[in-house]
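Engineer: Below you'll find run.cif; it's mmCIF, C-alpha atoms.
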```
data_start
#
loop_
_atom_site.label_atom_id
_atom_site.label_comp_id
_atom_site.auth_asym_id
_atom_site.auth_seq_id
_atom_site.Cartn_x
_atom_site.Cartn_y
_atom_site.Cartn_z
CA MET A 1 -21.10 -14.75 2.45
CA LYS A 2 -22.10 -11.45 0.88
CA VAL A 3 -20.05 -8.45 -0.26
CA LYS A 4 -21.22 -6.51 2.80
CA ASP A 5 -19.90 -9.25 5.10
CA ILE A 6 -16.45 -9.09 3.53
CA ILE A 7 -16.47 -5.30 3.81
CA LYS A 8 -17.21 -5.67 7.52
CA ILE A 9 -14.20 -7.95 7.98
CA ILE A 10 -11.91 -5.47 6.23
CA GLU A 11 -13.25 -2.45 8.06
CA ASN A 12 -13.00 -4.17 11.45
CA PHE A 13 -9.28 -4.45 10.69
CA ALA A 14 -8.81 -1.11 8.94
CA PRO A 15 -11.62 1.33 9.78
CA LYS A 16 -12.53 3.78 7.04
CA GLU A 17 -12.12 6.58 9.57
CA LEU A 18 -8.35 6.03 9.37
CA ALA A 19 -8.32 7.01 5.69
CA TYR A 20 -7.30 10.50 4.60
CA ASP A 21 -9.94 12.89 3.29
CA TRP A 22 -8.42 12.96 -0.21
CA ASP A 23 -8.53 9.17 -0.47
CA ASN A 24 -11.20 6.99 -2.08
CA THR A 25 -10.98 4.14 0.42
CA GLY A 26 -14.14 2.05 0.69
CA PHE A 27 -16.83 0.42 -1.43
CA ILE A 28 -16.56 1.70 -5.00
CA THR A 29 -18.80 -0.38 -7.31
CA GLY A 30 -21.17 -3.32 -7.16
CA ASP A 31 -23.99 -4.80 -5.12
CA LYS A 32 -23.37 -5.20 -1.38
CA GLU A 33 -25.99 -7.96 -1.27
CA LYS A 34 -24.20 -10.09 -3.88
CA ASP A 35 -23.08 -13.56 -2.77
CA VAL A 36 -19.32 -14.03 -2.98
CA LYS A 37 -17.61 -17.31 -3.70
CA LYS A 38 -14.35 -16.00 -5.17
CA VAL A 39 -12.36 -12.88 -4.20
CA PHE A 40 -9.55 -11.40 -6.26
CA ILE A 41 -6.92 -9.47 -4.25
CA THR A 42 -4.49 -6.97 -5.74
CA LEU A 43 -2.22 -4.03 -5.02
CA ASP A 44 -3.20 -2.14 -8.18
CA MET A 45 -6.29 -1.60 -10.31
CA PHE A 46 -5.16 -1.58 -13.94
CA LYS A 47 -6.86 -2.81 -17.12
CA SER A 48 -4.70 -5.92 -16.84
CA THR A 49 -5.77 -6.64 -13.27
CA VAL A 50 -9.49 -6.22 -13.93
CA ASN A 51 -9.05 -8.55 -16.93
CA GLU A 52 -7.39 -11.07 -14.59
CA ALA A 53 -10.34 -10.84 -12.23
CA VAL A 54 -12.81 -11.36 -15.07
CA ARG A 55 -10.91 -14.39 -16.40
CA CYS A 56 -10.80 -16.10 -13.00
CA GLY A 57 -14.52 -15.53 -12.40
CA ALA A 58 -14.16 -13.28 -9.37
CA ASP A 59 -17.28 -11.99 -7.61
CA MET A 60 -15.37 -9.27 -5.79
CA ILE A 61 -12.05 -7.44 -5.96
CA ILE A 62 -10.21 -6.13 -2.92
CA SER A 63 -7.58 -3.64 -4.01
CA HIS A 64 -5.16 -1.46 -2.12
CA HIS A 65 -5.04 1.34 -4.69
CA PRO A 66 -8.47 2.78 -5.54
CA ILE A 67 -9.92 4.03 -8.79
CA LEU A 68 -11.94 7.24 -9.28
CA PHE A 69 -9.75 9.36 -7.02
CA ARG A 70 -11.10 12.69 -8.14
CA GLY A 71 -14.53 13.99 -9.08
CA VAL A 72 -15.86 12.05 -12.08
CA GLN A 73 -17.93 13.85 -14.71
CA LYS A 74 -17.89 11.22 -17.44
CA ILE A 75 -17.11 7.55 -17.97
CA ASP A 76 -15.24 7.08 -21.24
CA TYR A 77 -14.83 3.38 -21.99
CA ASN A 78 -11.67 4.18 -23.97
CA SER A 79 -9.94 5.59 -20.88
CA GLN A 80 -8.28 3.31 -18.34
CA GLN A 81 -10.66 4.25 -15.53
CA GLY A 82 -13.71 4.04 -17.79
CA TYR A 83 -12.68 0.63 -19.09
CA ILE A 84 -12.25 -0.68 -15.53
CA VAL A 85 -15.66 0.61 -14.45
CA LYS A 86 -17.30 -0.87 -17.55
CA GLU A 87 -15.75 -4.31 -16.97
CA LEU A 88 -16.67 -4.31 -13.29
CA ILE A 89 -20.31 -3.50 -14.02
CA LYS A 90 -20.59 -5.74 -17.08
CA ASN A 91 -19.21 -8.73 -15.16
CA ASP A 92 -21.02 -7.92 -11.89
CA ILE A 93 -17.79 -7.66 -9.89
CA ALA A 94 -17.85 -5.63 -6.69
CA LEU A 95 -14.83 -3.47 -5.87
CA TYR A 96 -13.60 -2.43 -2.45
CA ALA A 97 -10.38 -0.44 -1.97
CA SER A 98 -8.58 -0.38 1.37
CA HIS A 99 -5.93 2.26 0.85
CA THR A 100 -4.72 4.73 3.49
CA SER A 101 -6.81 2.96 6.12
CA THR A 102 -4.63 -0.14 5.64
CA ASP A 103 -1.52 2.06 5.59
CA CYS A 104 -2.40 3.49 9.00
CA THR A 105 -4.00 0.63 10.94
CA LYS A 106 -2.27 -1.64 13.45
CA GLY A 107 -0.87 -4.66 11.63
CA GLY A 108 -1.22 -2.87 8.31
CA ILE A 109 1.27 -2.06 5.59
CA ASN A 110 3.62 0.06 7.68
CA ASP A 111 3.79 -2.40 10.56
CA ILE A 112 4.58 -5.24 8.15
CA LEU A 113 7.15 -3.08 6.33
CA ALA A 114 8.80 -2.24 9.65
CA GLN A 115 8.96 -5.93 10.57
CA LYS A 116 10.50 -6.83 7.23
CA LEU A 117 13.16 -4.15 7.72
CA GLY A 118 14.14 -5.27 11.22
CA ILE A 119 12.63 -2.33 13.10
CA ILE A 120 11.56 -2.87 16.70
CA GLU A 121 9.66 -0.82 19.29
CA CYS A 122 7.67 0.90 16.54
CA VAL A 123 5.30 3.82 16.90
CA PRO A 124 3.52 5.80 14.17
CA VAL A 125 5.40 8.73 12.66
CA GLU A 126 2.17 10.68 12.15
CA LYS A 127 -0.20 9.61 14.93
CA ASN A 128 -3.97 9.38 14.65
CA ASP A 129 -5.28 10.79 17.93
CA ASN A 130 -8.61 8.94 17.60
CA PHE A 131 -7.09 5.47 17.16
CA GLY A 132 -4.33 4.52 19.57
CA GLY A 133 -1.29 2.97 17.93
CA CYS A 134 -2.51 3.89 14.46
CA GLY A 135 -1.27 6.50 12.02
CA LEU A 136 0.90 6.92 8.96
CA GLY A 137 4.44 5.55 8.89
CA ARG A 138 6.39 3.80 11.63
CA ILE A 139 9.58 4.67 13.47
CA GLY A 140 11.75 2.54 15.73
CA LYS A 141 15.24 1.16 16.04
CA ILE A 142 17.18 -1.67 14.47
CA ALA A 143 18.98 -4.19 16.67
CA ASN A 144 22.47 -3.48 15.35
CA THR A 145 23.82 -0.23 14.00
CA MET A 146 24.67 -0.34 10.29
CA THR A 147 26.05 2.17 7.85
CA LEU A 148 23.57 3.66 5.39
CA GLY A 149 25.16 1.61 2.62
CA GLU A 150 24.83 -1.60 4.60
CA TYR A 151 21.24 -0.87 5.55
CA ALA A 152 20.34 -0.03 1.95
CA GLN A 153 21.65 -3.44 0.89
CA PHE A 154 19.59 -5.04 3.67
CA VAL A 155 16.44 -3.20 2.52
CA LYS A 156 17.04 -4.32 -1.05
CA LYS A 157 17.35 -7.95 0.04
CA GLN A 158 14.37 -7.91 2.41
CA LEU A 159 12.04 -6.35 -0.17
CA ASN A 160 13.37 -8.54 -2.99
CA THR A 161 13.97 -5.59 -5.27
CA PRO A 162 16.90 -5.24 -7.69
CA CYS A 163 17.54 -1.60 -6.91
CA VAL A 164 17.08 1.11 -4.29
CA ARG A 165 17.97 4.81 -4.48
CA VAL A 166 19.98 6.22 -1.58
CA CYS A 167 20.33 9.86 -0.57
CA GLY A 168 22.92 10.78 2.06
CA ASP A 169 26.35 9.74 3.28
CA ILE A 170 26.61 5.99 2.74
CA ASN A 171 29.00 5.77 5.70
CA LYS A 172 26.52 7.39 8.09
CA ASN A 173 25.57 5.20 11.05
CA ILE A 174 21.92 4.09 11.08
CA LYS A 175 20.10 3.12 14.26
CA ILE A 176 16.72 4.91 14.25
CA VAL A 177 14.68 4.06 11.14
CA ALA A 178 11.39 5.50 9.88
CA VAL A 179 9.35 3.85 7.15
CA GLY A 180 6.43 4.88 4.98
CA GLY A 181 5.12 2.37 2.45
CA GLY A 182 4.41 3.91 -0.94
CA ALA A 183 4.85 7.65 -1.46
CA CYS A 184 5.43 9.15 2.00
CA ASP A 185 7.78 12.09 1.52
CA ASP A 186 5.31 14.11 3.64
CA LEU A 187 6.73 12.22 6.63
CA ILE A 188 10.24 13.66 6.28
CA GLY A 189 9.67 16.58 8.65
CA ASP A 190 8.10 14.46 11.38
CA ALA A 191 10.76 11.77 10.96
CA VAL A 192 13.47 14.39 11.49
CA LYS A 193 11.73 15.69 14.63
CA LEU A 194 11.52 12.13 15.99
CA GLY A 195 15.24 11.60 15.47
CA ALA A 196 15.24 9.24 12.50
CA ASP A 197 18.60 8.58 10.90
CA VAL A 198 16.90 7.41 7.70
CA LEU A 199 13.45 7.26 6.12
CA VAL A 200 12.62 4.32 3.86
CA THR A 201 9.82 5.19 1.43
CA ALA A 202 9.17 5.55 -2.31
CA ASP A 203 8.60 7.94 -5.21
CA LEU A 204 11.01 10.56 -3.89
CA LYS A 205 11.58 13.76 -5.89
CA TYR A 206 15.00 15.32 -6.46
CA HIS A 207 14.60 18.66 -4.66
CA ILE A 208 12.66 17.18 -1.75
CA SER A 209 15.45 14.64 -1.29
CA ALA A 210 18.12 17.33 -1.47
CA ASP A 211 16.30 19.38 1.17
CA ALA A 212 15.99 16.31 3.41
CA THR A 213 19.73 15.69 3.42
CA GLU A 214 20.25 19.31 4.42
CA MET A 215 17.95 18.56 7.38
CA GLY A 216 20.25 15.72 8.40
CA ILE A 217 18.15 12.68 7.47
CA ALA A 218 19.17 10.04 4.95
CA LEU A 219 16.65 8.58 2.50
CA ILE A 220 16.19 5.18 0.88
CA ASP A 221 13.74 5.04 -2.01
CA ALA A 222 12.83 1.36 -2.22
CA GLY A 223 10.04 1.76 -4.79
CA HIS A 224 6.27 1.96 -4.49
CA TYR A 225 5.57 -1.64 -5.48
CA PRO A 226 8.21 -3.30 -3.24
CA THR A 227 7.11 -1.32 -0.16
CA GLU A 228 3.42 -2.21 -0.56
CA VAL A 229 2.90 -5.39 -2.61
CA PHE A 230 2.65 -7.52 0.55
CA VAL A 231 -0.73 -5.91 1.19
CA CYS A 232 -2.07 -8.99 -0.60
CA GLU A 233 -0.72 -11.09 2.28
CA ILE A 234 -2.71 -8.90 4.67
CA PHE A 235 -5.95 -9.32 2.69
CA GLU A 236 -5.37 -13.06 2.38
CA GLU A 237 -4.85 -13.42 6.13
CA LEU A 238 -8.05 -11.50 6.85
CA LEU A 239 -10.13 -13.78 4.61
CA LYS A 240 -8.46 -17.15 5.15
CA ASP A 241 -11.18 -18.52 7.45
CA THR A 242 -14.17 -17.38 5.39
CA GLY A 243 -14.25 -20.42 3.12
CA ILE A 244 -14.14 -18.12 0.09
CA GLU A 245 -11.70 -18.90 -2.72
CA ILE A 246 -8.93 -16.29 -2.84
CA VAL A 247 -7.04 -15.48 -6.04
CA LYS A 248 -3.96 -13.23 -5.96
CA SER A 249 -3.21 -10.87 -8.81
CA LYS A 250 -0.11 -11.59 -10.87
CA ASN A 251 0.56 -7.92 -11.56
CA LYS A 252 4.21 -6.88 -11.32
CA ASP A 253 6.08 -3.69 -10.63
CA VAL A 254 5.50 -1.16 -13.43
CA PHE A 255 9.22 -0.33 -13.40
CA LYS A 256 11.93 -2.40 -15.06
CA PHE A 257 15.59 -2.03 -14.06
CA ILE A 258 18.20 -2.28 -16.84
#
```
Could you take the file, read its structure, and then write that structure out as structure tokens?
Structural biologist:
Amino acid sequence: MKVKDIIKIIENFAPKELAYDWDNTGFITGDKEKDVKKVFITLDMFKSTVNEAVRCGADMIISHHPILFRGVQKIDYNSQQGYIVKELIKNDIALYASHTSTDCTKGGINDILAQKLGIIECVPVEKNDNFGGCGLGRIGKIANTMTLGEYAQFVKKQLNTPCVRVCGDINKNIKIVAVGGGACDDLIGDAVKLGADVLVTADLKYHISADATEMGIALIDAGHYPTEVFVCEIFEELLKDTGIEIVKSKNKDVFKFI
């Protein structure tokens, strides 16, 4: 199987057209005609993860988070991005990033996150009119009403994270839940309009959170890594019948809780 064949599998699941314009979803480096025997799958692209891929002899990396987000005018090997590009080229490793396309597609990050958090009858928060059932975020209801404090504890357990940040009255009743894996504070306004009692997301800023509570919605910041790391399960499921060896990255959350 070649790089281009693996790309086709990924894009059949998460079409590039679902990605946002600012994103760098898609094929980033390498030779699409290269034969692939081993694929390395990861949430992040750091120096440490590319080194992992090199050590395991990967032919291709499938990452959620891309590199080279903005216009590139130089490749400095002493920078993080430059080092990654150098190692990919030197070791003939192809790189494909499936970022906001996997966030938005059916069965992608937000559907899995919603399932993990007990949300049923889900629909996208921000719909994509060209792809039915797709879009950023998910909103639905939980089977049994909980207080915000109780639901925050449930989120923490389900995502196996030692800490979540909560904004709002911890005694507030929660029934309608919106989720956005990773940094999705842009969904707050739409979540309010759709009647969400709480939005579970990550990377929330102080003033944005304060404004949200004034709008009547509670927030749970469960962390970027915990709300997206299971993307590796998605990639693994997509490739399980290809006969290609799959290696998962061992990278951990960049945050430590003390």
Engineer: Would you translate the PyMOL selection byres ((chain A and resi 186) around 12) into the concrete set of residues it matches in this file, as a PyMOL selection string?
Structural biologist: chain A and resi 125-126+136-137+179-185+187-192+199+201-205+208-209+212
Engineer: Would you translate the PyMOL selection byres ((chain A and resi 239-249) around 10) into the concrete set of residues it matches in this file, as a PyMOL selection string?
Structural biologist: chain A and resi 1+5-6+9-10+36-45+48-50+52-53+56-58+60-63+232-238+250-252
Engineer: Export, as a short mmCIF file (atom, residue, chain, number, x, y, z; two decimals), in the frame of the given file, the selected residues with C-alpha atoms.
Structural biologist:
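Written file, selection03.cif:
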```cif
data_model
loop_
_atom_site.label_atom_id
_atom_site.label_comp_id
_atom_site.auth_asym_id
_atom_site.auth_seq_id
_atom_site.Cartn_x
_atom_site.Cartn_y
_atom_site.Cartn_z
CA MET A 1 -21.10 -14.75 2.45
CA ASP A 5 -19.90 -9.25 5.10
CA ILE A 6 -16.45 -9.09 3.53
CA ILE A 9 -14.20 -7.95 7.98
CA ILE A 10 -11.91 -5.47 6.23
CA VAL A 36 -19.32 -14.03 -2.98
CA LYS A 37 -17.61 -17.31 -3.70
CA LYS A 38 -14.35 -16.00 -5.17
CA VAL A 39 -12.36 -12.88 -4.20
CA PHE A 40 -9.55 -11.40 -6.26
CA ILE A 41 -6.92 -9.47 -4.25
CA THR A 42 -4.49 -6.97 -5.74
CA LEU A 43 -2.22 -4.03 -5.02
CA ASP A 44 -3.20 -2.14 -8.18
CA MET A 45 -6.29 -1.60 -10.31
CA SER A 48 -4.70 -5.92 -16.84
CA THR A 49 -5.77 -6.64 -13.27
CA VAL A 50 -9.49 -6.22 -13.93
CA GLU A 52 -7.39 -11.07 -14.59
CA ALA A 53 -10.34 -10.84 -12.23
CA CYS A 56 -10.80 -16.10 -13.00
CA GLY A 57 -14.52 -15.53 -12.40
CA ALA A 58 -14.16 -13.28 -9.37
CA MET A 60 -15.37 -9.27 -5.79
CA ILE A 61 -12.05 -7.44 -5.96
CA ILE A 62 -10.21 -6.13 -2.92
CA SER A 63 -7.58 -3.64 -4.01
CA CYS A 232 -2.07 -8.99 -0.60
CA GLU A 233 -0.72 -11.09 2.28
CA ILE A 234 -2.71 -8.90 4.67
CA PHE A 235 -5.95 -9.32 2.69
CA GLU A 236 -5.37 -13.06 2.38
CA GLU A 237 -4.85 -13.42 6.13
CA LEU A 238 -8.05 -11.50 6.85
CA LYS A 250 -0.11 -11.59 -10.87
CA ASN A 251 0.56 -7.92 -11.56
CA LYS A 252 4.21 -6.88 -11.32
#
```
Engineer: Quick one: apply the PyMOL selection byres ((chain A and resi 155) around 12) to the file and drop the selected residues here as a count of residues only.
Structural biologist: 39
Engineer: To one decimal in Å, tell me the separation between CA of Asp21 in chain A and CA of Lys47 in chain A.
Structural biologist: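 Straight-line distance from CA of Asp21 in chain A to CA of Lys47 in chain A works out to 25.9 Å.
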Engineer: When distances are computed from all atoms listed in the file, which of A:Val85, A:Asp59, A:Ser98, A:Thr29 shows the smallest separation from Asn12 in chain A?
Structural biologist: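 Residue with the minimum atom-to-atom distance to Asn12 in chain A: A:Ser98.
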Engineer: Which of these residues is nearest to Lys34 in chain A, using all atoms listed in the file: A:Asp92, A:Met215, A:Lys16, A:Asp129?
Structural biologist: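 Of A:Asp92, A:Met215, A:Lys16, A:Asp129, the one nearest Lys34 in chain A is A:Asp92, counting all atoms listed in the file.
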Engineer: Which distance in Å separates CA of Gly140 in chain A and CA of Cys122 in chain A, to one decimal?
Structural biologist: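 It comes out at 4.5 Å.
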Engineer: Write out as a PyMOL selection string which residues come within 12 Å of Tyr20 in chain A when counting only C-alpha atoms, dropping same-chain ones fewer than 2 positions away.
Structural biologist: chain A and resi 15-18+22-26+69+98-104+128+135-136
Engineer: In Å, how far is it from CA of Val231 in chain A to CA of Pro124 in chain A?
Structural biologist: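 It comes out at 18.0 Å.
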Engineer: Nearest to His64 in chain A among A:Phe255, A:Tyr83, A:Phe230, A:Tyr206, with distances taken over only C-alpha atoms: which residue is it?
Structural biologist: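 Between A:Phe255, A:Tyr83, A:Phe230, A:Tyr206, the residue approaching His64 in chain A most closely is A:Phe230.
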